[in-house]
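Undergrad: If it helps, the file is called final_11.cif and holds mmCIF, C-alpha atoms:
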```cif
data_structure
#
loop_
_atom_site.label_atom_id
_atom_site.label_comp_id
_atom_site.auth_asym_id
_atom_site.auth_seq_id
_atom_site.Cartn_x
_atom_site.Cartn_y
_atom_site.Cartn_z
CA MET A 10 85.23 105.89 121.33
CA LYS A 11 84.68 106.46 117.62
CA LYS A 12 84.93 103.26 115.57
CA LYS A 13 87.70 102.86 113.05
CA ARG A 14 86.41 102.59 109.48
CA ILE A 15 87.06 100.08 106.70
CA ILE A 16 86.73 101.70 103.27
CA PRO A 17 86.96 100.02 99.86
CA VAL A 18 88.26 102.30 97.11
CA ILE A 19 87.12 101.84 93.53
CA LEU A 20 89.35 103.29 90.82
CA LEU A 21 87.50 104.05 87.60
CA ARG A 22 89.29 104.51 84.32
CA ASN A 23 87.08 105.25 81.32
CA GLY A 24 84.09 103.61 83.00
CA ASN A 25 85.74 100.38 84.18
CA ILE A 26 87.23 99.41 87.53
CA VAL A 27 90.99 99.10 87.28
CA GLN A 28 93.81 97.71 89.39
CA SER A 29 96.71 100.12 89.78
CA LYS A 30 100.40 99.74 90.52
CA LYS A 31 102.67 102.69 91.35
CA PHE A 32 100.33 104.99 89.40
CA ASN A 33 101.66 103.86 86.02
CA ARG A 34 100.02 100.51 85.25
CA TYR A 35 96.29 99.88 85.06
CA GLN A 36 94.46 96.64 84.45
CA SER A 37 90.70 96.51 83.92
CA ILE A 38 89.11 94.19 86.47
CA GLY A 39 85.40 94.82 86.72
CA ASN A 40 82.12 96.66 86.50
CA PRO A 41 81.42 99.65 88.80
CA ILE A 42 77.84 98.68 89.62
CA ARG A 43 78.39 95.08 90.70
CA SER A 44 81.06 96.26 93.14
CA VAL A 45 78.80 98.65 95.02
CA LYS A 46 76.25 95.87 95.50
CA LYS A 47 78.76 93.48 97.03
CA TYR A 48 80.33 96.10 99.28
CA SER A 49 76.88 97.03 100.56
CA GLU A 50 76.17 93.38 101.32
CA TRP A 51 79.52 93.06 103.11
CA THR A 52 78.68 96.20 105.17
CA ALA A 53 81.60 98.43 104.30
CA ASP A 54 81.63 101.57 106.43
CA GLU A 55 82.02 103.84 103.42
CA LEU A 56 82.94 103.62 99.77
CA ILE A 57 85.25 105.85 97.74
CA TYR A 58 85.04 106.12 93.96
CA ILE A 59 87.89 107.92 92.19
CA ASP A 60 87.80 108.62 88.48
CA ILE A 61 91.32 108.47 87.03
CA SER A 62 90.19 108.46 83.41
CA SER A 63 92.51 109.63 80.68
CA LYS A 64 89.59 110.88 78.62
CA ASN A 65 86.14 112.34 79.24
CA LYS A 66 84.13 109.74 77.33
CA ILE A 67 83.08 106.52 79.04
CA ASP A 68 84.46 103.41 77.31
CA THR A 69 81.64 101.15 76.08
CA LYS A 70 83.77 98.46 74.44
CA ARG A 71 82.58 95.76 76.85
CA SER A 72 78.85 96.05 76.21
CA ASP A 73 79.22 92.55 74.73
CA LEU A 74 79.49 91.27 78.28
CA GLY A 75 76.06 92.59 79.18
CA ASN A 76 77.43 95.42 81.30
CA GLN A 77 75.27 98.49 81.74
CA ILE A 78 76.40 101.26 79.39
CA PHE A 79 76.93 104.76 80.78
CA GLU A 80 77.24 108.05 78.93
CA ASP A 81 79.37 109.82 81.52
CA TYR A 82 80.77 109.64 85.05
CA ASN A 83 77.81 111.45 86.62
CA GLU A 84 75.50 108.73 85.32
CA ILE A 85 77.64 106.16 87.16
CA ILE A 86 77.40 108.24 90.36
CA ASP A 87 73.63 108.50 90.06
CA THR A 88 73.22 104.74 89.52
CA VAL A 89 75.68 103.74 92.25
CA SER A 90 74.22 106.07 94.89
CA LYS A 91 70.78 104.53 94.46
CA GLN A 92 72.13 101.06 95.26
CA ALA A 93 74.45 101.91 98.14
CA PHE A 94 73.64 101.58 101.83
CA MET A 95 76.67 103.50 103.07
CA PRO A 96 78.19 106.95 102.59
CA ILE A 97 79.90 107.36 99.24
CA THR A 98 82.71 109.71 98.29
CA PHE A 99 83.35 110.60 94.66
CA GLY A 100 86.55 112.16 93.36
CA GLY A 101 88.29 112.91 90.12
CA GLY A 102 87.90 115.80 87.73
CA ILE A 103 86.49 118.23 90.28
CA ARG A 104 87.45 121.74 89.17
CA SER A 105 84.65 124.00 90.42
CA LEU A 106 82.00 124.46 93.09
CA ASN A 107 79.45 123.51 90.44
CA ASP A 108 81.21 120.17 89.99
CA ILE A 109 80.86 119.52 93.72
CA GLN A 110 77.23 120.62 93.80
CA SER A 111 76.29 118.41 90.89
CA LYS A 112 77.84 115.33 92.50
CA LEU A 113 76.18 116.00 95.86
CA GLN A 114 72.84 116.51 94.15
CA ILE A 115 72.96 113.14 92.38
CA GLY A 116 73.93 111.13 95.43
CA ALA A 117 77.47 111.74 96.66
CA ASP A 118 77.83 112.19 100.42
CA LYS A 119 81.35 113.62 100.11
CA VAL A 120 83.74 114.64 97.36
CA SER A 121 87.47 114.10 97.09
CA VAL A 122 89.62 116.92 95.70
CA ASN A 123 93.24 116.54 94.64
CA THR A 124 94.64 118.45 91.66
CA GLN A 125 92.43 121.52 91.96
CA ALA A 126 93.56 122.03 95.55
CA LEU A 127 97.18 122.14 94.39
CA LEU A 128 96.43 124.50 91.53
CA THR A 129 94.17 126.77 93.59
CA PRO A 130 94.53 126.09 97.34
CA ASN A 131 91.78 128.56 98.23
CA PHE A 132 89.37 126.23 96.42
CA ILE A 133 89.31 124.02 99.52
CA LYS A 134 88.31 127.00 101.66
CA GLN A 135 85.59 128.00 99.22
CA ALA A 136 84.28 124.43 99.02
CA SER A 137 84.22 123.88 102.78
CA ASN A 138 82.49 127.24 103.33
CA GLU A 139 79.89 126.45 100.70
CA PHE A 140 79.14 122.80 101.47
CA GLY A 141 80.63 122.16 104.92
CA SER A 142 84.01 120.67 105.74
CA GLN A 143 82.38 117.29 106.43
CA CYS A 144 81.76 117.01 102.66
CA ILE A 145 85.30 117.82 101.56
CA ILE A 146 88.04 115.17 101.53
CA ALA A 147 91.46 116.35 100.42
CA SER A 148 93.19 113.55 98.54
CA VAL A 149 96.99 113.63 98.71
CA ASP A 150 99.32 111.28 96.84
CA VAL A 151 102.78 111.08 98.39
CA LYS A 152 106.13 109.85 97.14
CA LYS A 153 109.32 109.39 99.18
CA ILE A 154 112.39 111.09 97.73
CA ASP A 155 115.75 111.17 99.56
CA ASN A 156 114.07 110.15 102.83
CA GLN A 157 111.51 112.95 102.65
CA TYR A 158 107.85 112.75 101.71
CA PHE A 159 106.68 115.00 98.88
CA VAL A 160 103.31 115.57 97.27
CA TYR A 161 103.05 113.74 93.93
CA ASN A 162 100.83 114.93 91.10
CA LYS A 163 101.55 114.61 87.39
CA ASN A 164 99.78 117.93 86.74
CA PHE A 165 101.82 119.86 89.30
CA ASP A 166 105.60 120.10 89.21
CA LYS A 167 106.46 122.10 92.34
CA LYS A 168 108.10 120.19 95.21
CA ILE A 169 105.98 120.44 98.35
CA LEU A 170 106.61 118.57 101.58
CA ALA A 171 103.62 116.35 102.28
CA ASN A 172 103.20 117.18 105.96
CA GLU A 173 103.36 120.95 105.31
CA TRP A 174 100.79 120.67 102.51
CA ILE A 175 98.41 118.58 104.58
CA LYS A 176 98.62 121.01 107.51
CA LYS A 177 97.69 123.77 105.07
CA LEU A 178 94.73 121.75 103.79
CA GLU A 179 93.50 121.36 107.35
CA GLY A 180 93.76 125.11 107.88
CA LEU A 181 91.83 125.76 104.67
CA GLY A 182 88.93 123.65 105.91
CA ALA A 183 89.38 120.13 104.57
CA GLY A 184 87.33 117.71 106.66
CA GLU A 185 89.45 114.61 106.05
CA ILE A 186 92.66 113.53 104.34
CA LEU A 187 92.83 110.58 101.96
CA LEU A 188 96.54 109.72 102.16
CA ASN A 189 97.92 107.52 99.40
CA SER A 190 101.47 106.21 99.10
CA VAL A 191 102.60 106.13 95.47
CA ASP A 192 105.55 103.88 96.31
CA ASN A 193 103.34 101.30 98.02
CA ASP A 194 100.50 101.41 95.52
CA GLY A 195 99.83 97.86 94.32
CA ALA A 196 102.95 96.49 96.05
CA LYS A 197 101.00 94.40 98.60
CA ASN A 198 103.70 94.93 101.25
CA GLY A 199 101.58 96.96 103.64
CA TYR A 200 101.03 100.62 104.36
CA ASP A 201 103.90 103.07 104.77
CA ILE A 202 103.67 103.24 108.56
CA GLU A 203 106.26 106.01 108.79
CA LEU A 204 104.19 108.18 106.46
CA LEU A 205 100.96 107.44 108.31
CA ASN A 206 102.52 108.43 111.62
CA LEU A 207 104.04 111.59 110.18
CA ILE A 208 100.70 112.82 108.88
CA SER A 209 98.25 111.52 111.50
CA ASN A 210 100.36 113.09 114.26
CA SER A 211 100.52 116.41 112.38
CA VAL A 212 96.80 117.15 111.95
CA ASN A 213 93.61 117.01 113.99
CA ILE A 214 91.29 115.91 111.19
CA PRO A 215 90.67 112.27 110.24
CA VAL A 216 93.27 110.56 108.07
CA ILE A 217 92.34 107.67 105.75
CA ALA A 218 95.26 105.35 104.97
CA LEU A 219 95.58 104.04 101.41
CA GLY A 220 98.20 102.17 99.40
CA GLY A 221 99.92 98.82 99.86
CA VAL A 222 97.50 96.35 101.44
CA GLY A 223 98.23 92.74 100.53
CA GLU A 224 96.75 90.88 103.51
CA VAL A 225 94.44 91.62 106.43
CA LYS A 226 97.25 92.03 108.94
CA HIS A 227 98.24 95.23 107.16
CA PHE A 228 94.97 96.82 108.31
CA LYS A 229 95.79 95.84 111.88
CA GLU A 230 99.31 97.28 111.65
CA ALA A 231 98.00 100.65 110.51
CA LEU A 232 95.30 100.82 113.16
CA GLN A 233 97.54 99.66 116.00
CA GLU A 234 100.72 101.51 115.11
CA THR A 235 99.36 104.85 113.90
CA GLU A 236 96.60 107.33 114.68
CA VAL A 237 94.74 106.98 111.37
CA ASP A 238 90.94 106.99 111.56
CA ALA A 239 90.28 104.64 108.68
CA VAL A 240 91.97 102.02 106.54
CA ALA A 241 91.24 101.89 102.83
CA ALA A 242 92.27 99.62 99.98
CA ALA A 243 91.46 99.25 96.31
CA ASN A 244 93.01 96.14 94.74
CA PHE A 245 92.80 94.01 97.90
CA PHE A 246 89.01 94.12 98.21
CA GLN A 247 88.36 93.17 94.58
CA TYR A 248 89.71 89.62 94.55
CA THR A 249 88.31 87.87 97.62
CA ASP A 250 84.68 86.95 98.25
CA GLN A 251 83.30 88.73 101.33
CA SER A 252 86.63 90.56 101.66
CA VAL A 253 85.28 93.50 103.68
CA PHE A 254 83.42 91.20 106.06
CA LEU A 255 86.47 88.98 106.52
CA ALA A 256 88.72 91.98 107.17
CA ARG A 257 86.28 93.34 109.73
CA LYS A 258 85.97 89.95 111.44
CA TYR A 259 89.75 89.63 111.67
CA LEU A 260 90.14 93.11 113.14
CA TYR A 261 87.22 92.62 115.55
CA ASP A 262 88.68 89.31 116.76
CA GLN A 263 92.02 91.09 117.24
CA LYS A 264 90.28 93.59 119.57
CA ILE A 265 90.58 96.48 117.12
CA ASN A 266 87.88 99.12 117.58
CA VAL A 267 85.76 98.40 114.49
CA ARG A 268 82.06 97.71 114.10
CA LYS A 269 80.95 94.15 114.81
CA PRO A 270 81.08 92.04 111.62
CA LYS A 271 77.84 91.00 109.96
CA LEU A 272 76.51 90.26 106.50
CA LYS A 273 73.31 91.63 105.03
#
```
As a first step, turn the structure in this file into structure tokens.
TA:
Amino acid sequence: MKKKRIIPVILLRNGNIVQSKKFNRYQSIGNPIRSVKKYSEWTADELIYIDISSKNKIDTKRSDLGNQIFEDYNEIIDTVSKQAFMPITFGGGIRSLNDIQSKLQIGADKVSVNTQALLTPNFIKQASNEFGSQCIIASVDVKKIDNQYFVYNKNFDKKILANEWIKKLEGLGAGEILLNSVDNDGAKNGYDIELLNLISNSVNIPVIALGGVGEVKHFKEALQETEVDAVAAANFFQYTDQSVFLARKYLYDQKINVRKPKLK
């Protein structure tokens, strides 16, 4: 049986790692290179970087701290990929097949596409045909409105039911779904189990759960109560030493089907 995956997510905003809450508050909390080193040592199954920058230029204000200075996001990808011992997905700002190709060439194993899929759905088909569906993760942010789940994107104002959109993404060739709850983002109350069940029971491709983890039992709840293939978290993994290892050990001891815990 295929092992369930544990995936840290790193949110980058103008070159710095940030903590997010409900998609409208961001606090800078770290350096993107140190994080990849620690997650490699803690043997994360994969790593997802998502650029949510509000501008194209990397912010270099904190060079006084001795942080490595980068000119652009691709330079971060190139540096990170050389230090990682796990598959890495990069997302954010992907608008063309050339954007995907450039990221794969400098070290990405997969790319995550969100806004461009909404604006031009056939882009997912083109991307999966060109690079293989295994390289294409469709990222979907979801918000609950009047007891229904809708796709949320600040650059797209049409109301689309989340489960219908994700079924369409599967049909277009997306290899995985990164499913993020806007309402639970940063709340630390656990995943939206209802949402995870709705989506994971609707499609036949892997679903990665994201949004709401505050303690390790939330990983267990998602893996025991839904059919998701992986559990991901951003804020949770940043604040505890050996957090990925400790989460894996907890799940392994609880008889969840994850890889055996070990440290490098």
Undergrad: Quick one: everything within 10 Å of Arg14 of chain A, counting all atoms listed in the file, minus sequence neighbours fewer than 5 positions away in the same chain. Send it as a list in words.
TA: Ala53, Asp54, Glu55, Ile217, Leu232, Val237, Asp238, Ala239, Val240, Ala241, Arg257, Asn266, Val267 and Arg268 of chain A
Undergrad: If the PyMOL selection byres ((chain A and resi 228-230) around 9) is run on the structure shown, which residues does it catch, given as a ChimeraX atom specification?
TA: /A:15,199-200,202,222,224-227,231-235,240-241,256,259-260,263,265
Undergrad: Name the residues that the PyMOL selection byres ((chain A and resi 130-133) around 10) picks from the file above, as a ChimeraX atom specification, using the file's chain letters and numbers.
TA: /A:104-106,122-129,134-139,142,145-147,174,177-184
Undergrad: Please produce an output containing C-alpha atoms for each residue in the selection, written as a PDB file, in the coordinates of the input.
TA:
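The resulting part.pdb:
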```pdb
ATOM      1  CA  ARG A 104      87.450 121.740  89.170  1.00  0.00           C
ATOM      2  CA  SER A 105      84.650 124.000  90.420  1.00  0.00           C
ATOM      3  CA  LEU A 106      82.000 124.460  93.090  1.00  0.00           C
ATOM      4  CA  VAL A 122      89.620 116.920  95.700  1.00  0.00           C
ATOM      5  CA  ASN A 123      93.240 116.540  94.640  1.00  0.00           C
ATOM      6  CA  THR A 124      94.640 118.450  91.660  1.00  0.00           C
ATOM      7  CA  GLN A 125      92.430 121.520  91.960  1.00  0.00           C
ATOM      8  CA  ALA A 126      93.560 122.030  95.550  1.00  0.00           C
ATOM      9  CA  LEU A 127      97.180 122.140  94.390  1.00  0.00           C
ATOM     10  CA  LEU A 128      96.430 124.500  91.530  1.00  0.00           C
ATOM     11  CA  THR A 129      94.170 126.770  93.590  1.00  0.00           C
ATOM     12  CA  LYS A 134      88.310 127.000 101.660  1.00  0.00           C
ATOM     13  CA  GLN A 135      85.590 128.000  99.220  1.00  0.00           C
ATOM     14  CA  ALA A 136      84.280 124.430  99.020  1.00  0.00           C
ATOM     15  CA  SER A 137      84.220 123.880 102.780  1.00  0.00           C
ATOM     16  CA  ASN A 138      82.490 127.240 103.330  1.00  0.00           C
ATOM     17  CA  GLU A 139      79.890 126.450 100.700  1.00  0.00           C
ATOM     18  CA  SER A 142      84.010 120.670 105.740  1.00  0.00           C
ATOM     19  CA  ILE A 145      85.300 117.820 101.560  1.00  0.00           C
ATOM     20  CA  ILE A 146      88.040 115.170 101.530  1.00  0.00           C
ATOM     21  CA  ALA A 147      91.460 116.350 100.420  1.00  0.00           C
ATOM     22  CA  TRP A 174     100.790 120.670 102.510  1.00  0.00           C
ATOM     23  CA  LYS A 177      97.690 123.770 105.070  1.00  0.00           C
ATOM     24  CA  LEU A 178      94.730 121.750 103.790  1.00  0.00           C
ATOM     25  CA  GLU A 179      93.500 121.360 107.350  1.00  0.00           C
ATOM     26  CA  GLY A 180      93.760 125.110 107.880  1.00  0.00           C
ATOM     27  CA  LEU A 181      91.830 125.760 104.670  1.00  0.00           C
ATOM     28  CA  GLY A 182      88.930 123.650 105.910  1.00  0.00           C
ATOM     29  CA  ALA A 183      89.380 120.130 104.570  1.00  0.00           C
ATOM     30  CA  GLY A 184      87.330 117.710 106.660  1.00  0.00           C
TER      31      GLY A 184
END
```
Undergrad: Could you expand the PyMOL selection byres ((chain A and resi 185-192) around 7) into the explicit residues it covers here, written as a ChimeraX atom specification?
TA: /A:31-32,145-152,183-184,193-194,201,214-220
Undergrad: Between atom CA of Gln114 of chain A and atom CA of Ala243 of chain A, what is the distance, to one decimal in Å?
TA: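 Going from atom CA of Gln114 of chain A over to atom CA of Ala243 of chain A covers 25.5 Å.
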Undergrad: How many Å lie between atom CA of Ser211 of chain A and atom CA of Lys176 of chain A, rounded to one decimal?
TA: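 Those two atoms sit 7.0 Å apart.
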Undergrad: So how far away is atom CA of Ile61 of chain A from atom CA of Arg22 of chain A, in Å?
TA: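 Those two atoms sit 5.2 Å apart.
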Undergrad: Can you list, as a VMD selection string, every protein, DNA or RNA residue that comes within 6 Å of segment 87-97 of chain A when you count all atoms listed in the file, leaving out same-chain residues fewer than 5 positions away?
TA: chain A and resid 49 55 to 57 115 to 118
Undergrad: With all atoms listed in the file as the atoms that count, which of A:Tyr161, A:Glu236, A:Ile154, A:Leu255 lies nearest to Lys13 of chain A?
TA: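 Going through A:Tyr161, A:Glu236, A:Ile154, A:Leu255 one by one, the smallest distance to Lys13 of chain A is for A:Glu236.
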Undergrad: Restore N, CA and C atoms in segment 169-199 of chain A and list the result as a PDB file, in the coordinates of the input.
TA:
```pdb
ATOM      1  N   ILE A 169     106.612 120.022  97.105  1.00  0.00           N
ATOM      2  CA  ILE A 169     105.980 120.440  98.350  1.00  0.00           C
ATOM      3  C   ILE A 169     106.081 119.303  99.346  1.00  0.00           C
ATOM      4  N   LEU A 170     106.559 119.591 100.533  1.00  0.00           N
ATOM      5  CA  LEU A 170     106.610 118.570 101.580  1.00  0.00           C
ATOM      6  C   LEU A 170     105.196 118.158 101.962  1.00  0.00           C
ATOM      7  N   ALA A 171     104.974 116.861 102.055  1.00  0.00           N
ATOM      8  CA  ALA A 171     103.620 116.350 102.280  1.00  0.00           C
ATOM      9  C   ALA A 171     103.021 116.838 103.588  1.00  0.00           C
ATOM     10  N   ASN A 172     103.781 116.794 104.678  1.00  0.00           N
ATOM     11  CA  ASN A 172     103.200 117.180 105.960  1.00  0.00           C
ATOM     12  C   ASN A 172     102.847 118.664 105.995  1.00  0.00           C
ATOM     13  N   GLU A 173     103.667 119.515 105.344  1.00  0.00           N
ATOM     14  CA  GLU A 173     103.360 120.950 105.310  1.00  0.00           C
ATOM     15  C   GLU A 173     102.100 121.211 104.476  1.00  0.00           C
ATOM     16  N   TRP A 174     101.969 120.508 103.355  1.00  0.00           N
ATOM     17  CA  TRP A 174     100.790 120.670 102.510  1.00  0.00           C
ATOM     18  C   TRP A 174      99.522 120.218 103.223  1.00  0.00           C
ATOM     19  N   ILE A 175      99.600 119.109 103.917  1.00  0.00           N
ATOM     20  CA  ILE A 175      98.410 118.580 104.580  1.00  0.00           C
ATOM     21  C   ILE A 175      98.004 119.458 105.764  1.00  0.00           C
ATOM     22  N   LYS A 176      98.958 120.033 106.459  1.00  0.00           N
ATOM     23  CA  LYS A 176      98.620 121.010 107.510  1.00  0.00           C
ATOM     24  C   LYS A 176      97.895 122.215 106.904  1.00  0.00           C
ATOM     25  N   LYS A 177      98.344 122.647 105.739  1.00  0.00           N
ATOM     26  CA  LYS A 177      97.690 123.770 105.070  1.00  0.00           C
ATOM     27  C   LYS A 177      96.272 123.415 104.672  1.00  0.00           C
ATOM     28  N   LEU A 178      96.075 122.202 104.169  1.00  0.00           N
ATOM     29  CA  LEU A 178      94.730 121.750 103.790  1.00  0.00           C
ATOM     30  C   LEU A 178      93.797 121.751 104.989  1.00  0.00           C
ATOM     31  N   GLU A 179      94.303 121.320 106.132  1.00  0.00           N
ATOM     32  CA  GLU A 179      93.500 121.360 107.350  1.00  0.00           C
ATOM     33  C   GLU A 179      93.098 122.793 107.676  1.00  0.00           C
ATOM     34  N   GLY A 180      94.041 123.707 107.592  1.00  0.00           N
ATOM     35  CA  GLY A 180      93.760 125.110 107.880  1.00  0.00           C
ATOM     36  C   GLY A 180      92.767 125.731 106.912  1.00  0.00           C
ATOM     37  N   LEU A 181      92.747 125.239 105.679  1.00  0.00           N
ATOM     38  CA  LEU A 181      91.830 125.760 104.670  1.00  0.00           C
ATOM     39  C   LEU A 181      90.410 125.207 104.825  1.00  0.00           C
ATOM     40  N   GLY A 182      90.261 124.162 105.650  1.00  0.00           N
ATOM     41  CA  GLY A 182      88.930 123.650 105.910  1.00  0.00           C
ATOM     42  C   GLY A 182      88.620 122.254 105.431  1.00  0.00           C
ATOM     43  N   ALA A 183      89.625 121.527 104.957  1.00  0.00           N
ATOM     44  CA  ALA A 183      89.380 120.130 104.570  1.00  0.00           C
ATOM     45  C   ALA A 183      88.881 119.342 105.775  1.00  0.00           C
ATOM     46  N   GLY A 184      87.901 118.480 105.552  1.00  0.00           N
ATOM     47  CA  GLY A 184      87.330 117.710 106.660  1.00  0.00           C
ATOM     48  C   GLY A 184      88.052 116.418 106.938  1.00  0.00           C
ATOM     49  N   GLU A 185      88.691 115.850 105.915  1.00  0.00           N
ATOM     50  CA  GLU A 185      89.450 114.610 106.050  1.00  0.00           C
ATOM     51  C   GLU A 185      90.588 114.611 105.047  1.00  0.00           C
ATOM     52  N   ILE A 186      91.554 113.727 105.281  1.00  0.00           N
ATOM     53  CA  ILE A 186      92.660 113.530 104.340  1.00  0.00           C
ATOM     54  C   ILE A 186      92.647 112.088 103.862  1.00  0.00           C
ATOM     55  N   LEU A 187      92.632 111.903 102.551  1.00  0.00           N
ATOM     56  CA  LEU A 187      92.830 110.580 101.960  1.00  0.00           C
ATOM     57  C   LEU A 187      94.300 110.517 101.553  1.00  0.00           C
ATOM     58  N   LEU A 188      95.079 109.728 102.289  1.00  0.00           N
ATOM     59  CA  LEU A 188      96.540 109.720 102.160  1.00  0.00           C
ATOM     60  C   LEU A 188      96.998 108.472 101.432  1.00  0.00           C
ATOM     61  N   ASN A 189      97.555 108.660 100.240  1.00  0.00           N
ATOM     62  CA  ASN A 189      97.920 107.520  99.400  1.00  0.00           C
ATOM     63  C   ASN A 189      99.420 107.507  99.126  1.00  0.00           C
ATOM     64  N   SER A 190     100.052 106.378  99.385  1.00  0.00           N
ATOM     65  CA  SER A 190     101.470 106.210  99.100  1.00  0.00           C
ATOM     66  C   SER A 190     101.663 105.714  97.672  1.00  0.00           C
ATOM     67  N   VAL A 191     102.316 106.523  96.842  1.00  0.00           N
ATOM     68  CA  VAL A 191     102.600 106.130  95.470  1.00  0.00           C
ATOM     69  C   VAL A 191     103.541 104.929  95.438  1.00  0.00           C
ATOM     70  N   ASP A 192     104.551 104.948  96.289  1.00  0.00           N
ATOM     71  CA  ASP A 192     105.550 103.880  96.310  1.00  0.00           C
ATOM     72  C   ASP A 192     104.944 102.534  96.691  1.00  0.00           C
ATOM     73  N   ASN A 193     103.943 102.548  97.549  1.00  0.00           N
ATOM     74  CA  ASN A 193     103.340 101.300  98.020  1.00  0.00           C
ATOM     75  C   ASN A 193     102.142 100.861  97.192  1.00  0.00           C
ATOM     76  N   ASP A 194     101.683 101.709  96.305  1.00  0.00           N
ATOM     77  CA  ASP A 194     100.500 101.410  95.520  1.00  0.00           C
ATOM     78  C   ASP A 194     100.668 100.105  94.738  1.00  0.00           C
ATOM     79  N   GLY A 195      99.805  99.133  95.023  1.00  0.00           N
ATOM     80  CA  GLY A 195      99.830  97.860  94.320  1.00  0.00           C
ATOM     81  C   GLY A 195     100.944  96.917  94.713  1.00  0.00           C
ATOM     82  N   ALA A 196     101.786  97.317  95.689  1.00  0.00           N
ATOM     83  CA  ALA A 196     102.950  96.490  96.050  1.00  0.00           C
ATOM     84  C   ALA A 196     102.590  95.336  96.975  1.00  0.00           C
ATOM     85  N   LYS A 197     101.497  95.445  97.711  1.00  0.00           N
ATOM     86  CA  LYS A 197     101.000  94.400  98.600  1.00  0.00           C
ATOM     87  C   LYS A 197     101.922  94.129  99.792  1.00  0.00           C
ATOM     88  N   ASN A 198     102.774  95.101 100.128  1.00  0.00           N
ATOM     89  CA  ASN A 198     103.700  94.930 101.250  1.00  0.00           C
ATOM     90  C   ASN A 198     103.259  95.659 102.515  1.00  0.00           C
ATOM     91  N   GLY A 199     102.074  96.242 102.473  1.00  0.00           N
ATOM     92  CA  GLY A 199     101.580  96.960 103.640  1.00  0.00           C
ATOM     93  C   GLY A 199     101.669  98.462 103.466  1.00  0.00           C
TER      94      GLY A 199
END
```
